[in-house]
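Only one structure is covered here, and it is reproduced in the block below.
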Amino acid sequence: MHPVTFAPRRMRHDSPDCGPALRRIRADAPFVYGLTNYVAATLSANVLLAVGAAPAIGAAPGWPVAFGAQAGGLWVNAAGLINATEHDMLAAIDAANAADVPWVLDPVAMGAGVVEYDDIIRRLAARRPAVIRGNASEIMALAGGAATARGVETTASITQAVPLGVALARRSGAIVAISGPEDHVLSPDGQQIIIPGGHRWLTAVTGAGCALGGLIAAGLAVTPADPHQRLTTVAAVHALYARAAEMAAGPPHGPASFATGFVDALAQLQGRADD
């Protein structure tokens, strides 16, 4: 039996699906727990606060189990191993799974040539994330393709990554989101949503991709556990993220002012078609 193939569809911030996703986050103010690295923690927290979510970040004693179970959504950034342990991450994930809390895996620097680190990411991925998001190189490496990363940066193209991302989604049962000049969101049943837009300065701001994982977790926290609705929410979050980047890219021109403007833009989005 051959897998079903769907024609790719495109989603922008003015799609009818984007406004409701943002309004649900603002209305429900979900508690979102993250295990991420100290480099990305501040931006991740500010991104979540800007859209009305309530973040907690870090592996203080007791937090992984308690917050993993209590949160509306969890995100685990593999680079959080800088300041947390594999045990912390597995404890949070297992607590979330036991409580039916959806969680997001960000396999930062997967395939960069560190075997022990990659093995930990594979063990995390085996714990059934709702979403796996990363750049092209990371997704290719996790899917079993050639390792092409240079540190945390991608050296692969979206075109190279999508077929392996499709296979990863089918095999893992997770929605797979690949960030790039156009983001691609792939479902386990073969659907593909392409999100255009954004701005190149997202790649010049430390932690911008990591913060996206937290925002996806916030979206999942206010979305029913239905595959179609979750896929739509993940794509909508990417589209809103891209729109905020476009809004922030005006003068003054530079990555530092862009980072501040990006958080401001997320706070200003109201979920309207004209945002």
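Quick note on naming: the chains in the structure tokens go A, B, ... in the order shown, residues restart at 1 in each chain, and ligands are numbered from 1 in order of appearance.
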query = Could you pull out the helix (DSSP H, G or I) residues of stretch 118-270 of chain A from DSSP and send them as a ChimeraX atom specification?
reply = /A:118-125,136-142,158-172,200-204,208-221,227-248,255-268
task = With a distance cut-off of 7 Å and only C-alpha atoms, select the neighbouring residues of A:Ser187, excluding the residue or stretch itself and same-chain residues fewer than 5 positions from it, and output the selection as a ChimeraX atom specification.
result = /A:169,175-176,192,231
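Checking A:Leu124, A:Val162, A:Met247, A:Ala211 one by one against A:Gln268, counting only C-alpha atoms, you find the shortest gap at A:Met247.
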inquiry  = Excluding A:Ala21 and its own-chain neighbours fewer than 2 positions away, which residues fall within 7 Å of it when counting only C-alpha atoms? Please give them as a ChimeraX atom specification.
reply    = /A:17-19,23-25,219,233,236
Stretch 9-68 of chain A near stretch 250-260 of chain A within 12 Å: what's each residue's closest atom pair and its distance in Å to one decimal, counting only C-alpha atoms, ordered by chain then ascending residue number, as a tab-separated table?
residue	atom	partner	partner_atom	distance
A:Thr42	CA	A:Ala259	CA	11.5
A:Leu43	CA	A:Ala259	CA	8.5
A:Ser44	CA	A:Ala259	CA	11.5
A:Asn46	CA	A:Thr260	CA	9.8
A:Val47	CA	A:Ala259	CA	10.2
A:Ala50	CA	A:Thr260	CA	11.3
Next, dump the selected residues to file, keeping only N, CA, C and O atoms, as a compact mmCIF listing (two decimals), in the first residue's frame.
# COMPACT_ATOMS: atom_id res chain seq x y z
N THR A 42 16.17 33.77 27.39
CA THR A 42 15.55 35.09 27.54
C THR A 42 14.63 35.41 26.37
O THR A 42 13.48 35.83 26.57
N LEU A 43 15.11 35.19 25.14
CA LEU A 43 14.26 35.48 23.99
C LEU A 43 13.04 34.55 23.98
O LEU A 43 11.93 35.00 23.69
N SER A 44 13.23 33.29 24.33
CA SER A 44 12.10 32.36 24.35
C SER A 44 11.03 32.84 25.34
O SER A 44 9.83 32.85 25.02
N ASN A 46 10.55 35.91 26.44
CA ASN A 46 9.94 37.16 25.98
C ASN A 46 8.96 36.92 24.84
O ASN A 46 7.92 37.59 24.75
N VAL A 47 9.28 36.00 23.94
CA VAL A 47 8.36 35.65 22.85
C VAL A 47 7.04 35.11 23.42
O VAL A 47 5.95 35.50 22.99
N ALA A 50 5.06 37.83 25.11
CA ALA A 50 4.51 38.78 24.14
C ALA A 50 3.17 38.33 23.58
O ALA A 50 2.34 39.17 23.22
message = I'd like to know which of A:Ala54, A:Ala244, A:Val131, A:Val205 is closest to A:Leu105, using only C-alpha atoms.
response =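 Among the listed residues, the smallest separation from A:Leu105 belongs to A:Val131.
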request  = For A:Ala78, please output as a list in words all residues within 7 Å (counting only C-alpha atoms; exclusion window: fewer than 2 positions along the same chain).
outcome  =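 Residues near the query, excluding close chain neighbours: Val76, Gly80, Leu81, Asp106, Pro107, Val108 and Ile121 of chain A.
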request  = List the neighbours of A:Val32 out to 10 Å using only C-alpha atoms; skip same-chain residues closer than 5 positions along the sequence, and give me the result as a ChimeraX atom specification.
outcome  = /A:45,48,53-57,67-68,70-75,103,214-221
Restricting it to N, CA and C atoms, dump the selection as a short mmCIF file (atom, residue, chain, number, x, y, z; two decimals), in the first residue's frame.
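Okay, this is what ended up in result-v4.cif:
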data_model
loop_
_atom_site.label_atom_id
_atom_site.label_comp_id
_atom_site.auth_asym_id
_atom_site.auth_seq_id
_atom_site.Cartn_x
_atom_site.Cartn_y
_atom_site.Cartn_z
N ALA A 45 11.46 33.25 26.54
CA ALA A 45 10.50 33.73 27.53
C ALA A 45 9.80 34.99 27.04
N LEU A 48 7.14 34.23 24.39
CA LEU A 48 5.93 33.66 24.97
C LEU A 48 5.12 34.71 25.73
N ALA A 53 1.30 34.01 26.76
CA ALA A 53 1.53 32.74 27.44
C ALA A 53 2.31 32.97 28.73
N ALA A 54 2.35 31.94 29.56
CA ALA A 54 3.03 32.02 30.86
C ALA A 54 4.17 31.00 30.88
N PRO A 55 5.41 31.43 30.61
CA PRO A 55 6.51 30.48 30.52
C PRO A 55 7.22 30.22 31.84
N ALA A 56 7.75 29.01 31.96
CA ALA A 56 8.74 28.67 32.97
C ALA A 56 9.84 27.91 32.25
N ILE A 57 11.08 28.25 32.55
CA ILE A 57 12.22 27.66 31.83
C ILE A 57 13.26 27.21 32.84
N PHE A 67 6.45 20.35 36.56
CA PHE A 67 6.02 21.25 35.50
C PHE A 67 5.74 20.50 34.21
N GLY A 68 6.46 19.39 33.98
CA GLY A 68 6.15 18.59 32.80
C GLY A 68 4.72 18.10 32.81
N GLN A 70 2.21 19.55 34.73
CA GLN A 70 1.25 20.63 34.96
C GLN A 70 1.07 21.55 33.75
N ALA A 71 2.07 21.59 32.87
CA ALA A 71 2.04 22.55 31.77
C ALA A 71 0.96 22.22 30.76
N GLY A 72 0.56 23.24 30.01
CA GLY A 72 -0.32 23.00 28.87
C GLY A 72 0.47 22.49 27.69
N GLY A 73 1.75 22.88 27.60
CA GLY A 73 2.64 22.45 26.53
C GLY A 73 4.07 22.48 27.03
N LEU A 74 4.90 21.60 26.49
CA LEU A 74 6.30 21.49 26.86
C LEU A 74 7.15 21.60 25.60
N TRP A 75 8.28 22.29 25.71
CA TRP A 75 9.24 22.19 24.61
C TRP A 75 10.62 21.87 25.15
N TRP A 103 4.24 17.87 23.52
CA TRP A 103 5.57 18.45 23.66
C TRP A 103 6.28 18.54 22.31
N GLY A 214 9.09 27.11 21.54
CA GLY A 214 8.24 27.46 22.67
C GLY A 214 6.89 27.96 22.24
N LEU A 215 6.86 28.77 21.18
CA LEU A 215 5.59 29.30 20.70
C LEU A 215 4.71 28.19 20.12
N ILE A 216 5.32 27.21 19.47
CA ILE A 216 4.55 26.06 18.99
C ILE A 216 3.93 25.33 20.17
N ALA A 217 4.70 25.15 21.25
CA ALA A 217 4.17 24.48 22.44
C ALA A 217 2.98 25.25 23.01
N ALA A 218 3.04 26.59 22.98
CA ALA A 218 1.92 27.39 23.45
C ALA A 218 0.69 27.18 22.57
N GLY A 219 0.92 27.10 21.25
CA GLY A 219 -0.20 26.84 20.35
C GLY A 219 -0.83 25.48 20.59
N LEU A 220 0.00 24.46 20.80
CA LEU A 220 -0.52 23.12 21.06
C LEU A 220 -1.31 23.08 22.37
N ALA A 221 -0.88 23.88 23.34
CA ALA A 221 -1.54 23.88 24.64
C ALA A 221 -3.00 24.30 24.56
#
task = Select, from A:Ala125, A:Pro188, A:Pro102, A:Gly111, the residue with the minimum atom-to-atom distance to A:Leu90, counting only C-alpha atoms.
result =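 Checking each candidate against A:Leu90, we get A:Ala125 as the closest.
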inquiry  = Run DSSP on the backbone and tell me which residues of stretch 28-125 of chain A come out as strand (DSSP E); list them as JSON, numbers by chain.
reply    = {"A": [31, 32, 33, 34, 35, 54, 55, 56, 57, 73, 74, 75, 76, 77, 103, 104, 105, 106]}
request  = Choose the residue, out of A:Gly197, A:Val263, A:Asn83, A:Leu269, that has the smallest atom-to-atom separation from A:Glu246; count only C-alpha atoms.
outcome  = A:Gly197
inquiry  = Here is a test: counting only C-alpha atoms, which residue of A:Ala141, A:Ala130, A:Arg200, A:Ala91 is nearest to A:Gly173?
reply    = A:Ala130
